[in-house]
Amino acid sequence: MDPFIALADPIRRDLLRTLASGPARVVDLAARHPISRPAVSKHLRVLTEAGLATVEDRGRERHYALARPGLAPVRALLDELAGRRPPIPESAFDALELEVRRTVHDRRAGTDAAPGTASSQEESA
């Protein structure tokens with residue numbers, strides 16, 4: 001399920017706010033809302049299917065917790081709308097470092113030109 005659809009309901013948003021402070025049982029979550037326990041359970045099921053909450057069975061009780069990774073699409077959209085760019089991944093810096101080292105090595109070796117360019121073809125002639 002799409003996390004944006006799950007977040008469209010105000011009760012589900014409130015449930016997530018509660019879960020942000022720590023895991024909770026269904027009975028505790030239901031006590032905070034003017035709807036039945038089965039209705040709260042349905043809302044929690046939607047949040048779980050959307051990847052916004054996790055559930056753990058402990059005996060006869062179900063404990064729900066906020067699944068922070070599920071908020072990534074929402075955060076990405078908000079960052080996009082705010083004009084923020086996502087952070088540059090570490091792997092990009094690793095690739096850049098490798099290319100810089102390769103270029104420095106080639107220059108020291110006197111092979112500035114890439115294979116197949118005019119300079120390297122002239123040297124081989």
# chains A, B, ... in the order shown; residues from 1 in each chain; ligands from 1
>>> select_by_dssp(residues="chain A", states="strand (DSSP E or B)", output="list of chain:residue names")
A:Ala24, A:Arg25, A:Ala53, A:Thr54, A:Val55, A:Glu56, A:Asp57, A:Arg58, A:Glu61, A:Arg62, A:His63, A:Tyr64, A:Ala65, A:Leu66
>>> residues_around(residues="Val55 (chain A)", least_positions_apart="6", cutoff="9 Å", atoms="only C-alpha atoms", output="MDAnalysis selection string")
chainID A and resid 44:45 48 62:65
>>> atom_distance(atom1="CA of Thr18 (chain A)", atom2="CA of Ala30 (chain A)")
11.2 Å
>>> atom_distance(atom1="CA of Ala50 (chain A)", atom2="CA of Val26 (chain A)")
17.7 Å
>>> atom_distance(atom1="CA of Asp9 (chain A)", atom2="CA of Arg85 (chain A)")
28.3 Å
>>> residues_around(residues="Asp14 (chain A)", least_positions_apart="5", cutoff="12 Å", atoms="only C-alpha atoms", output="list of chain:residue names")
A:Ala6, A:Leu7, A:Ala8, A:Asp9, A:Leu19, A:Ala20, A:Ser21, A:Leu29, A:Ala30, A:Arg32, A:His33, A:Val40, A:His43, A:Leu44, A:Leu47, A:Leu66
>>> select_by_dssp(residues="chain A", states="helix (DSSP H, G or I)", output="PyMOL selection string")
chain A and resi 3-7+10-20+26-31+37-49+68-82+90-109+118-124
>>> residues_around(residues="Leu71 (chain A)", least_positions_apart="2", cutoff="10 Å", atoms="only C-alpha atoms", output="list in words")
Pro3, Phe4, Ala50, Gly51, Leu52, Ala53, Leu66, Ala67, Arg68, Pro69, Pro73, Val74, Arg75 and Ala76 of chain A
